[in-house]
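Read through the structure below, which is laid out as structure tokens, and then see the notes.
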Amino acid sequence: MNGPTHHHPVSCGGCCTQLAHFGVRLGSATILEEINLHVHCGELTAIIGPNGAGKTTLLRALLGEIPFRGDLQFVHSGSDQQFGRPRVGYVPQRIDLDTSAPATVGDLFASVSQRRPLWLGLGPRQREEALCALGLVEAQPLLRKTLGTLSGGELQRVLLALALHPMPDLLLLDEPVSGVDQAGIELFYRMVSELRRHLDLSILLVSHDLAAVARVADRMIFLNRRVLADGTPAEVLTSPLVKQVFGMEFSGMEPGFVSQLPEHELCPLPAPGERS
């Protein structure tokens with residue numbers, strides 16, 4: 001019987017999101033400083049860190065919800081417009097819904113994808129696009145279901161489909177399986193892992209479930225205001241710093257943990273006149 005095979009992912013290397021000297025200051029408090037990252041296409045990066053480390057603040061800054069310092073660039077070597085801001089998709093930790101309302105998944109797509117009155121429902125083209133997005137997460141049968149009847153896992157898959165419509169350059173997942181049962185967690189992570197390969201997506205995943213995300217991530221970043229560790233999940237989780245902060249040791253890594261970072265070349269940095 002053969003031993004376990006280790007996953008050695010390969011990203012295309014043709015595009016990435018760059019953060020250079022990236023920081024966030026709110027009032028007199030410095031939340032993030034000197035973040036320098038290349039997040040490549042086809043690469044799933046897990047972000048871990050203690051409470052208050054700035055993980056959600058980083059996502060909010062990338063979404064444009066709060067101001068930041070430094071540079072944020074999307075680099076695509078095969079495009080005429082090589083440098084610009086990335087198009088970002090986002091799956092939040094939770095969403096507040098009126099479970100008594102009769103709104104359906106289709107209505108949710110209509111609210112974000114068309115200008116016609118919602119009471120008319122999805123137009124033919126928008127319905128086809130919604131089904132296509134839901135098909136990416138094996139959720140087409142949910143189109144007509146009311147939002148209040150969705151399980152936690154079904155709702156997160158619908159939100160993931162929305163985040164992929166239109167297709168983003170960078171997908172942000174903020175504790176996306178909070179409140180989801182174990183079967184739903186495994187299904188969600190399996191889908192995210194497949195999507196990043198099939199769609200060549202750049203994904204940033206924030207989570208406190210270190211062992212679970214380590215099994216699907218290509219790369220892991222330990223964040224606490226700054227990037228304190230950056231490498232494979234095996235490298236980061238076995239570092240003394242993680243043991244000190246989380247009070248646990250990951251010395252016996254299970255088969256399947258990534259032991260080699262995705263293979264790609266560093267993207268070129270934009271010249272000053274090319275920055276957006």
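Here's how to read the names in the structure tokens: chain A, B, ... by the order shown, residue numbers from 1 in each chain, ligand numbers from 1 in the order shown.
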Using the chain letters and numbers from this document, which residues of segment 33-268 of chain A does DSSP assign to alpha helix (DSSP H), as an mmCIF file with N, CA and C atoms, in the first residue's frame?
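Dumped to part-v5.cif:
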```
data_model
loop_
_atom_site.group_PDB
_atom_site.id
_atom_site.type_symbol
_atom_site.label_atom_id
_atom_site.label_comp_id
_atom_site.auth_asym_id
_atom_site.auth_seq_id
_atom_site.Cartn_x
_atom_site.Cartn_y
_atom_site.Cartn_z
ATOM 1 N N LYS A 55 -7.252 40.940 11.540
ATOM 2 C CA LYS A 55 -7.621 40.072 10.410
ATOM 3 C C LYS A 55 -8.836 40.622 9.660
ATOM 4 N N THR A 56 -9.901 40.904 10.387
ATOM 5 C CA THR A 56 -11.102 41.439 9.730
ATOM 6 C C THR A 56 -10.857 42.851 9.231
ATOM 7 N N THR A 57 -10.047 43.623 9.943
ATOM 8 C CA THR A 57 -9.691 44.968 9.475
ATOM 9 C C THR A 57 -8.996 44.898 8.122
ATOM 10 N N LEU A 58 -8.127 43.913 7.940
ATOM 11 C CA LEU A 58 -7.454 43.738 6.650
ATOM 12 C C LEU A 58 -8.468 43.505 5.546
ATOM 13 N N LEU A 59 -9.443 42.640 5.789
ATOM 14 C CA LEU A 59 -10.460 42.372 4.770
ATOM 15 C C LEU A 59 -11.294 43.620 4.485
ATOM 16 N N ARG A 60 -11.656 44.352 5.528
ATOM 17 C CA ARG A 60 -12.464 45.564 5.326
ATOM 18 C C ARG A 60 -11.702 46.609 4.516
ATOM 19 N N ALA A 61 -10.399 46.698 4.740
ATOM 20 C CA ALA A 61 -9.589 47.639 3.962
ATOM 21 C C ALA A 61 -9.513 47.202 2.502
ATOM 22 N N LEU A 62 -9.361 45.902 2.265
ATOM 23 C CA LEU A 62 -9.313 45.392 0.898
ATOM 24 C C LEU A 62 -10.636 45.600 0.179
ATOM 25 N N VAL A 105 -33.929 32.890 -2.746
ATOM 26 C CA VAL A 105 -32.545 33.032 -3.210
ATOM 27 C C VAL A 105 -32.519 33.795 -4.525
ATOM 28 N N GLY A 106 -33.488 33.521 -5.388
ATOM 29 C CA GLY A 106 -33.585 34.258 -6.642
ATOM 30 C C GLY A 106 -33.783 35.744 -6.415
ATOM 31 N N ASP A 107 -34.612 36.099 -5.425
ATOM 32 C CA ASP A 107 -34.817 37.515 -5.090
ATOM 33 C C ASP A 107 -33.518 38.157 -4.621
ATOM 34 N N LEU A 108 -32.716 37.398 -3.859
ATOM 35 C CA LEU A 108 -31.438 37.921 -3.383
ATOM 36 C C LEU A 108 -30.517 38.230 -4.561
ATOM 37 N N PHE A 109 -30.460 37.339 -5.529
ATOM 38 C CA PHE A 109 -29.657 37.593 -6.732
ATOM 39 C C PHE A 109 -30.210 38.784 -7.502
ATOM 40 N N ALA A 110 -31.550 38.879 -7.586
ATOM 41 C CA ALA A 110 -32.160 39.995 -8.320
ATOM 42 C C ALA A 110 -31.811 41.331 -7.683
ATOM 43 N N SER A 111 -31.713 41.345 -6.354
ATOM 44 C CA SER A 111 -31.458 42.603 -5.649
ATOM 45 C C SER A 111 -30.074 43.153 -5.922
ATOM 46 N N VAL A 112 -29.150 42.293 -6.330
ATOM 47 C CA VAL A 112 -27.774 42.750 -6.549
ATOM 48 C C VAL A 112 -27.353 42.705 -8.014
ATOM 49 N N SER A 113 -28.211 42.184 -8.897
ATOM 50 C CA SER A 113 -27.752 41.981 -10.272
ATOM 51 C C SER A 113 -28.613 42.634 -11.337
ATOM 52 N N PRO A 124 -34.758 36.690 -17.707
ATOM 53 C CA PRO A 124 -34.188 35.441 -18.263
ATOM 54 C C PRO A 124 -32.661 35.396 -18.202
ATOM 55 N N ARG A 125 -31.995 36.476 -18.588
ATOM 56 C CA ARG A 125 -30.538 36.477 -18.574
ATOM 57 C C ARG A 125 -30.008 36.415 -17.145
ATOM 58 N N GLN A 126 -30.626 37.198 -16.227
ATOM 59 C CA GLN A 126 -30.182 37.211 -14.840
ATOM 60 C C GLN A 126 -30.426 35.847 -14.170
ATOM 61 N N ARG A 127 -31.543 35.188 -14.552
ATOM 62 C CA ARG A 127 -31.824 33.872 -13.992
ATOM 63 C C ARG A 127 -30.761 32.871 -14.434
ATOM 64 N N GLU A 128 -30.375 32.936 -15.707
ATOM 65 C CA GLU A 128 -29.334 32.044 -16.209
ATOM 66 C C GLU A 128 -28.006 32.293 -15.508
ATOM 67 N N GLU A 129 -27.676 33.570 -15.276
ATOM 68 C CA GLU A 129 -26.440 33.909 -14.586
ATOM 69 C C GLU A 129 -26.471 33.434 -13.134
ATOM 70 N N ALA A 130 -27.638 33.594 -12.472
ATOM 71 C CA ALA A 130 -27.771 33.138 -11.083
ATOM 72 C C ALA A 130 -27.616 31.624 -10.997
ATOM 73 N N LEU A 131 -28.222 30.899 -11.921
ATOM 74 C CA LEU A 131 -28.101 29.443 -11.922
ATOM 75 C C LEU A 131 -26.660 29.014 -12.190
ATOM 76 N N CYS A 132 -25.987 29.754 -13.057
ATOM 77 C CA CYS A 132 -24.581 29.448 -13.339
ATOM 78 C C CYS A 132 -23.732 29.626 -12.080
ATOM 79 N N ALA A 133 -23.937 30.741 -11.362
ATOM 80 C CA ALA A 133 -23.183 30.996 -10.135
ATOM 81 C C ALA A 133 -23.508 29.953 -9.071
ATOM 82 N N LEU A 134 -24.787 29.622 -8.918
ATOM 83 C CA LEU A 134 -25.184 28.610 -7.934
ATOM 84 C C LEU A 134 -24.648 27.238 -8.319
ATOM 85 N N GLY A 135 -24.529 26.984 -9.628
ATOM 86 C CA GLY A 135 -23.984 25.712 -10.075
ATOM 87 C C GLY A 135 -22.543 25.516 -9.663
ATOM 88 N N GLY A 152 -27.653 26.738 7.698
ATOM 89 C CA GLY A 152 -26.471 27.600 7.764
ATOM 90 C C GLY A 152 -25.507 27.325 6.624
ATOM 91 N N GLY A 153 -25.302 26.032 6.313
ATOM 92 C CA GLY A 153 -24.402 25.672 5.228
ATOM 93 C C GLY A 153 -24.936 26.092 3.873
ATOM 94 N N GLU A 154 -26.250 25.940 3.657
ATOM 95 C CA GLU A 154 -26.850 26.350 2.384
ATOM 96 C C GLU A 154 -26.736 27.854 2.187
ATOM 97 N N LEU A 155 -26.977 28.612 3.257
ATOM 98 C CA LEU A 155 -26.889 30.066 3.149
ATOM 99 C C LEU A 155 -25.466 30.494 2.795
ATOM 100 N N GLN A 156 -24.465 29.887 3.420
ATOM 101 C CA GLN A 156 -23.082 30.263 3.113
ATOM 102 C C GLN A 156 -22.714 29.914 1.679
ATOM 103 N N ARG A 157 -23.243 28.821 1.162
ATOM 104 C CA ARG A 157 -22.988 28.482 -0.240
ATOM 105 C C ARG A 157 -23.654 29.478 -1.179
ATOM 106 N N VAL A 158 -24.842 29.960 -0.813
ATOM 107 C CA VAL A 158 -25.513 30.993 -1.613
ATOM 108 C C VAL A 158 -24.689 32.282 -1.589
ATOM 109 N N LEU A 159 -24.189 32.648 -0.411
ATOM 110 C CA LEU A 159 -23.359 33.854 -0.308
ATOM 111 C C LEU A 159 -22.061 33.689 -1.095
ATOM 112 N N LEU A 160 -21.525 32.477 -1.116
ATOM 113 C CA LEU A 160 -20.326 32.214 -1.914
ATOM 114 C C LEU A 160 -20.641 32.380 -3.398
ATOM 115 N N ALA A 161 -21.794 31.880 -3.836
ATOM 116 C CA ALA A 161 -22.199 32.047 -5.235
ATOM 117 C C ALA A 161 -22.347 33.525 -5.583
ATOM 118 N N LEU A 162 -22.934 34.300 -4.677
ATOM 119 C CA LEU A 162 -23.070 35.751 -4.903
ATOM 120 C C LEU A 162 -21.704 36.416 -5.024
ATOM 121 N N ALA A 163 -20.744 35.961 -4.198
ATOM 122 C CA ALA A 163 -19.407 36.550 -4.228
ATOM 123 C C ALA A 163 -18.682 36.246 -5.535
ATOM 124 N N GLN A 182 -20.892 20.251 10.978
ATOM 125 C CA GLN A 182 -19.647 19.660 10.503
ATOM 126 C C GLN A 182 -19.731 19.223 9.046
ATOM 127 N N ALA A 183 -20.859 18.652 8.648
ATOM 128 C CA ALA A 183 -21.010 18.227 7.255
ATOM 129 C C ALA A 183 -20.984 19.435 6.321
ATOM 130 N N GLY A 184 -21.624 20.512 6.750
ATOM 131 C CA GLY A 184 -21.628 21.728 5.944
ATOM 132 C C GLY A 184 -20.256 22.364 5.861
ATOM 133 N N ILE A 185 -19.487 22.287 6.959
ATOM 134 C CA ILE A 185 -18.125 22.829 6.962
ATOM 135 C C ILE A 185 -17.256 22.088 5.961
ATOM 136 N N GLU A 186 -17.312 20.762 5.985
ATOM 137 C CA GLU A 186 -16.494 19.959 5.073
ATOM 138 C C GLU A 186 -16.873 20.226 3.622
ATOM 139 N N LEU A 187 -18.188 20.341 3.342
ATOM 140 C CA LEU A 187 -18.643 20.616 1.984
ATOM 141 C C LEU A 187 -18.183 21.992 1.529
ATOM 142 N N PHE A 188 -18.306 22.998 2.394
ATOM 143 C CA PHE A 188 -17.915 24.360 2.029
ATOM 144 C C PHE A 188 -16.428 24.418 1.705
ATOM 145 N N TYR A 189 -15.603 23.835 2.556
ATOM 146 C CA TYR A 189 -14.157 23.884 2.329
ATOM 147 C C TYR A 189 -13.763 23.097 1.082
ATOM 148 N N ARG A 190 -14.449 21.983 0.831
ATOM 149 C CA ARG A 190 -14.148 21.218 -0.382
ATOM 150 C C ARG A 190 -14.442 22.055 -1.619
ATOM 151 N N MET A 191 -15.581 22.768 -1.599
ATOM 152 C CA MET A 191 -15.944 23.596 -2.740
ATOM 153 C C MET A 191 -14.965 24.747 -2.939
ATOM 154 N N VAL A 192 -14.586 25.394 -1.854
ATOM 155 C CA VAL A 192 -13.633 26.506 -1.957
ATOM 156 C C VAL A 192 -12.309 26.011 -2.525
ATOM 157 N N SER A 193 -11.874 24.831 -2.072
ATOM 158 C CA SER A 193 -10.625 24.272 -2.565
ATOM 159 C C SER A 193 -10.703 23.983 -4.058
ATOM 160 N N GLU A 194 -11.821 23.420 -4.508
ATOM 161 C CA GLU A 194 -11.984 23.114 -5.933
ATOM 162 C C GLU A 194 -12.111 24.385 -6.762
ATOM 163 N N LEU A 195 -12.808 25.388 -6.243
ATOM 164 C CA LEU A 195 -13.010 26.628 -6.990
ATOM 165 C C LEU A 195 -11.697 27.340 -7.250
ATOM 166 N N ARG A 196 -10.803 27.357 -6.254
ATOM 167 C CA ARG A 196 -9.555 28.074 -6.455
ATOM 168 C C ARG A 196 -8.708 27.396 -7.530
ATOM 169 N N ARG A 197 -8.872 26.075 -7.702
ATOM 170 C CA ARG A 197 -8.127 25.384 -8.751
ATOM 171 C C ARG A 197 -8.800 25.572 -10.114
ATOM 172 N N HIS A 198 -10.107 25.325 -10.166
ATOM 173 C CA HIS A 198 -10.811 25.357 -11.451
ATOM 174 C C HIS A 198 -10.933 26.767 -12.013
ATOM 175 N N LEU A 210 -7.792 26.360 13.103
ATOM 176 C CA LEU A 210 -6.478 26.226 12.498
ATOM 177 C C LEU A 210 -6.297 24.899 11.774
ATOM 178 N N ALA A 211 -6.678 23.799 12.406
ATOM 179 C CA ALA A 211 -6.465 22.487 11.799
ATOM 180 C C ALA A 211 -7.300 22.324 10.539
ATOM 181 N N ALA A 212 -8.544 22.812 10.546
ATOM 182 C CA ALA A 212 -9.426 22.644 9.380
ATOM 183 C C ALA A 212 -8.922 23.424 8.180
ATOM 184 N N VAL A 213 -8.552 24.696 8.374
ATOM 185 C CA VAL A 213 -8.119 25.494 7.226
ATOM 186 C C VAL A 213 -6.749 25.047 6.732
ATOM 187 N N ALA A 214 -5.935 24.486 7.641
ATOM 188 C CA ALA A 214 -4.610 24.024 7.224
ATOM 189 C C ALA A 214 -4.710 22.890 6.218
ATOM 190 N N PRO A 233 1.222 25.765 5.688
ATOM 191 C CA PRO A 233 0.574 25.506 6.976
ATOM 192 C C PRO A 233 1.462 24.710 7.926
ATOM 193 N N ALA A 234 2.203 23.743 7.390
ATOM 194 C CA ALA A 234 3.088 22.947 8.247
ATOM 195 C C ALA A 234 4.154 23.812 8.898
ATOM 196 N N GLU A 235 4.723 24.739 8.134
ATOM 197 C CA GLU A 235 5.774 25.606 8.664
ATOM 198 C C GLU A 235 5.228 26.562 9.714
ATOM 199 N N VAL A 236 4.089 27.183 9.419
ATOM 200 C CA VAL A 236 3.550 28.202 10.312
ATOM 201 C C VAL A 236 3.009 27.578 11.591
ATOM 202 N N LEU A 237 2.248 26.490 11.465
ATOM 203 C CA LEU A 237 1.621 25.900 12.642
ATOM 204 C C LEU A 237 2.624 25.241 13.584
ATOM 205 N N PRO A 240 7.275 28.086 16.934
ATOM 206 C CA PRO A 240 7.113 28.351 18.374
ATOM 207 C C PRO A 240 6.148 29.497 18.655
ATOM 208 N N LEU A 241 6.053 30.447 17.720
ATOM 209 C CA LEU A 241 5.189 31.601 17.933
ATOM 210 C C LEU A 241 3.729 31.193 18.023
ATOM 211 N N VAL A 242 3.297 30.273 17.158
ATOM 212 C CA VAL A 242 1.910 29.803 17.181
ATOM 213 C C VAL A 242 1.621 29.070 18.488
ATOM 214 N N LYS A 243 2.559 28.232 18.916
ATOM 215 C CA LYS A 243 2.377 27.524 20.188
ATOM 216 C C LYS A 243 2.250 28.508 21.343
ATOM 217 N N GLN A 244 3.046 29.560 21.318
ATOM 218 C CA GLN A 244 3.021 30.551 22.388
ATOM 219 C C GLN A 244 1.700 31.303 22.424
ATOM 220 N N VAL A 245 1.184 31.693 21.251
ATOM 221 C CA VAL A 245 -0.036 32.513 21.190
ATOM 222 C C VAL A 245 -1.294 31.684 21.419
ATOM 223 N N PHE A 246 -1.355 30.497 20.805
ATOM 224 C CA PHE A 246 -2.581 29.696 20.868
ATOM 225 C C PHE A 246 -2.551 28.631 21.951
#
```
I'd like the neighbourhood of His208 of chain A as a PyMOL selection string, where a residue qualifies if any of its atoms comes within 10 Å (using only C-alpha atoms), though same-chain residues fewer than 3 positions away should be ignored.
chain A and resi 46-51+175+178+211-213
Restricting the calculation to only C-alpha atoms, which member of A:Leu170, A:Leu37, A:Leu147, A:Leu63 is positioned closest to Ser202 of chain A?
A:Leu170
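Near segment 101-103 of chain A, within a cut-off of 9 Å and counting only C-alpha atoms, sit the residues Lys145, Thr146, Leu147 and Gly148 of chain A, with same-chain residues fewer than 6 positions away left out.
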Atoms kept (N, CA and C atoms) for selection, written as an mmCIF file, in the first residue's frame:
```
data_model
loop_
_atom_site.group_PDB
_atom_site.id
_atom_site.type_symbol
_atom_site.label_atom_id
_atom_site.label_comp_id
_atom_site.auth_asym_id
_atom_site.auth_seq_id
_atom_site.Cartn_x
_atom_site.Cartn_y
_atom_site.Cartn_z
ATOM 1 N N LYS A 145 -35.880 28.527 -3.189
ATOM 2 C CA LYS A 145 -36.114 28.379 -1.753
ATOM 3 C C LYS A 145 -36.122 29.739 -1.071
ATOM 4 N N THR A 146 -36.968 29.894 -0.063
ATOM 5 C CA THR A 146 -36.973 31.140 0.705
ATOM 6 C C THR A 146 -35.755 31.164 1.617
ATOM 7 N N LEU A 147 -35.238 32.358 1.842
ATOM 8 C CA LEU A 147 -34.007 32.501 2.608
ATOM 9 C C LEU A 147 -34.152 31.964 4.030
ATOM 10 N N GLY A 148 -35.335 32.120 4.596
ATOM 11 C CA GLY A 148 -35.551 31.680 5.969
ATOM 12 C C GLY A 148 -35.526 30.178 6.156
#
```
Can you tell me which residues surround Ser239 of chain A at a distance of at most 12 Å, considering only C-alpha atoms, apart from same-chain residues fewer than 5 positions away, and format the answer as a ChimeraX atom specification?
/A:220-222,228-234,244-251
Can you work out the spacing between atom CA of Pro168 of chain A and atom CA of Cys41 of chain A in Å, to one decimal?
10.9 Å
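In this structure, atom CA of Asn36 of chain A sits 21.7 Å away from atom CA of Asp200 of chain A.
Pairwise distance (atom CA of Met167 of chain A, atom CA of Glu138 of chain A) equals 16.5 Å.
Comparing A:Arg69, A:Val75, A:Arg219, A:His21 by their smallest distance to Glu43 of chain A, the closest is A:Arg219 (using only C-alpha atoms).
You can rank A:Val24, A:Leu171, A:Leu201, A:Leu136 by their closest distance to Phe68 of chain A using only C-alpha atoms, and at the top of that list sits A:Val24.
With distances restricted to only C-alpha atoms, A:Arg225 is the closest residue to Ala29 of chain A from A:Gly64, A:Arg225, A:Val216, A:Asp71.
Running DSSP on the backbone and keeping only strand (DSSP E), the residues of segment 44-216 of chain A that qualify are Leu44, Thr45, Ala46, Ile47, Ile48, Arg69, Gly70, Asp71, Leu72, Gln73, Phe74, Val75, His76, Phe83, Gly84, Val88, Gly89, Tyr90, Val91, Leu170, Leu171, Leu172, Leu173, Asp174, Ser202, Ile203, Leu204, Leu205 and Val206 of chain A.
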Could the residues in this selection be saved with N, CA and C atoms as an mmCIF file, in the first residue's frame?
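Okay, part-v1.cif is ready:
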```
data_model
loop_
_atom_site.group_PDB
_atom_site.id
_atom_site.type_symbol
_atom_site.label_atom_id
_atom_site.label_comp_id
_atom_site.auth_asym_id
_atom_site.auth_seq_id
_atom_site.Cartn_x
_atom_site.Cartn_y
_atom_site.Cartn_z
ATOM 1 N N LEU A 44 -4.799 29.489 -2.238
ATOM 2 C CA LEU A 44 -5.670 29.731 -1.090
ATOM 3 C C LEU A 44 -4.779 30.012 0.116
ATOM 4 N N THR A 45 -4.893 31.225 0.644
ATOM 5 C CA THR A 45 -4.075 31.668 1.774
ATOM 6 C C THR A 45 -4.949 31.814 3.008
ATOM 7 N N ALA A 46 -4.633 31.072 4.051
ATOM 8 C CA ALA A 46 -5.340 31.192 5.321
ATOM 9 C C ALA A 46 -4.654 32.232 6.187
ATOM 10 N N ILE A 47 -5.454 33.100 6.808
ATOM 11 C CA ILE A 47 -4.927 34.118 7.714
ATOM 12 C C ILE A 47 -5.358 33.767 9.130
ATOM 13 N N ILE A 48 -4.389 33.564 10.005
ATOM 14 C CA ILE A 48 -4.677 33.236 11.392
ATOM 15 C C ILE A 48 -4.045 34.296 12.286
ATOM 16 N N ARG A 69 -3.257 52.903 4.143
ATOM 17 C CA ARG A 69 -2.043 53.497 3.602
ATOM 18 C C ARG A 69 -1.297 52.441 2.801
ATOM 19 N N GLY A 70 -0.445 52.885 1.894
ATOM 20 C CA GLY A 70 0.336 51.957 1.097
ATOM 21 C C GLY A 70 -0.319 51.673 -0.242
ATOM 22 N N ASP A 71 0.102 50.589 -0.879
ATOM 23 C CA ASP A 71 -0.344 50.260 -2.230
ATOM 24 C C ASP A 71 -1.124 48.962 -2.245
ATOM 25 N N LEU A 72 -2.190 48.956 -3.044
ATOM 26 C CA LEU A 72 -2.971 47.760 -3.332
ATOM 27 C C LEU A 72 -3.105 47.678 -4.841
ATOM 28 N N GLN A 73 -2.536 46.649 -5.456
ATOM 29 C CA GLN A 73 -2.513 46.520 -6.907
ATOM 30 C C GLN A 73 -2.882 45.105 -7.319
ATOM 31 N N PHE A 74 -3.602 45.021 -8.442
ATOM 32 C CA PHE A 74 -3.818 43.728 -9.080
ATOM 33 C C PHE A 74 -2.959 43.684 -10.332
ATOM 34 N N VAL A 75 -2.161 42.653 -10.454
ATOM 35 C CA VAL A 75 -1.222 42.517 -11.568
ATOM 36 C C VAL A 75 -1.676 41.350 -12.430
ATOM 37 N N HIS A 76 -1.890 41.610 -13.706
ATOM 38 C CA HIS A 76 -2.260 40.551 -14.644
ATOM 39 C C HIS A 76 -1.359 40.665 -15.860
ATOM 40 N N PHE A 83 -1.859 46.885 -14.399
ATOM 41 C CA PHE A 83 -1.936 47.222 -12.991
ATOM 42 C C PHE A 83 -3.241 47.958 -12.694
ATOM 43 N N GLY A 84 -3.889 47.597 -11.627
ATOM 44 C CA GLY A 84 -5.116 48.266 -11.221
ATOM 45 C C GLY A 84 -5.591 47.694 -9.901
ATOM 46 N N VAL A 88 -13.084 42.516 -6.052
ATOM 47 C CA VAL A 88 -13.105 41.708 -4.827
ATOM 48 C C VAL A 88 -14.479 41.091 -4.610
ATOM 49 N N GLY A 89 -14.504 39.801 -4.312
ATOM 50 C CA GLY A 89 -15.699 39.113 -3.847
ATOM 51 C C GLY A 89 -15.575 38.845 -2.357
ATOM 52 N N TYR A 90 -16.713 38.755 -1.652
ATOM 53 C CA TYR A 90 -16.658 38.693 -0.189
ATOM 54 C C TYR A 90 -17.766 37.809 0.356
ATOM 55 N N VAL A 91 -17.393 36.901 1.258
ATOM 56 C CA VAL A 91 -18.354 36.094 2.010
ATOM 57 C C VAL A 91 -18.197 36.446 3.479
ATOM 58 N N LEU A 170 -10.032 38.605 -6.499
ATOM 59 C CA LEU A 170 -9.642 38.218 -5.143
ATOM 60 C C LEU A 170 -10.901 37.896 -4.354
ATOM 61 N N LEU A 171 -10.948 36.708 -3.757
ATOM 62 C CA LEU A 171 -12.097 36.278 -2.968
ATOM 63 C C LEU A 171 -11.724 36.301 -1.492
ATOM 64 N N LEU A 172 -12.517 37.018 -0.684
ATOM 65 C CA LEU A 172 -12.276 37.143 0.752
ATOM 66 C C LEU A 172 -13.333 36.344 1.517
ATOM 67 N N LEU A 173 -12.886 35.510 2.424
ATOM 68 C CA LEU A 173 -13.780 34.691 3.249
ATOM 69 C C LEU A 173 -13.483 34.982 4.711
ATOM 70 N N ASP A 174 -14.457 35.550 5.425
ATOM 71 C CA ASP A 174 -14.250 35.938 6.818
ATOM 72 C C ASP A 174 -15.015 34.989 7.735
ATOM 73 N N SER A 202 -7.623 33.753 -6.514
ATOM 74 C CA SER A 202 -6.845 34.134 -5.330
ATOM 75 C C SER A 202 -7.822 34.224 -4.163
ATOM 76 N N ILE A 203 -7.538 33.508 -3.084
ATOM 77 C CA ILE A 203 -8.467 33.460 -1.948
ATOM 78 C C ILE A 203 -7.719 33.774 -0.665
ATOM 79 N N LEU A 204 -8.303 34.681 0.133
ATOM 80 C CA LEU A 204 -7.846 34.941 1.496
ATOM 81 C C LEU A 204 -8.935 34.449 2.440
ATOM 82 N N LEU A 205 -8.588 33.537 3.323
ATOM 83 C CA LEU A 205 -9.540 32.907 4.229
ATOM 84 C C LEU A 205 -9.129 33.179 5.666
ATOM 85 N N VAL A 206 -9.973 33.910 6.408
ATOM 86 C CA VAL A 206 -9.738 34.169 7.825
ATOM 87 C C VAL A 206 -10.477 33.118 8.641
#
```
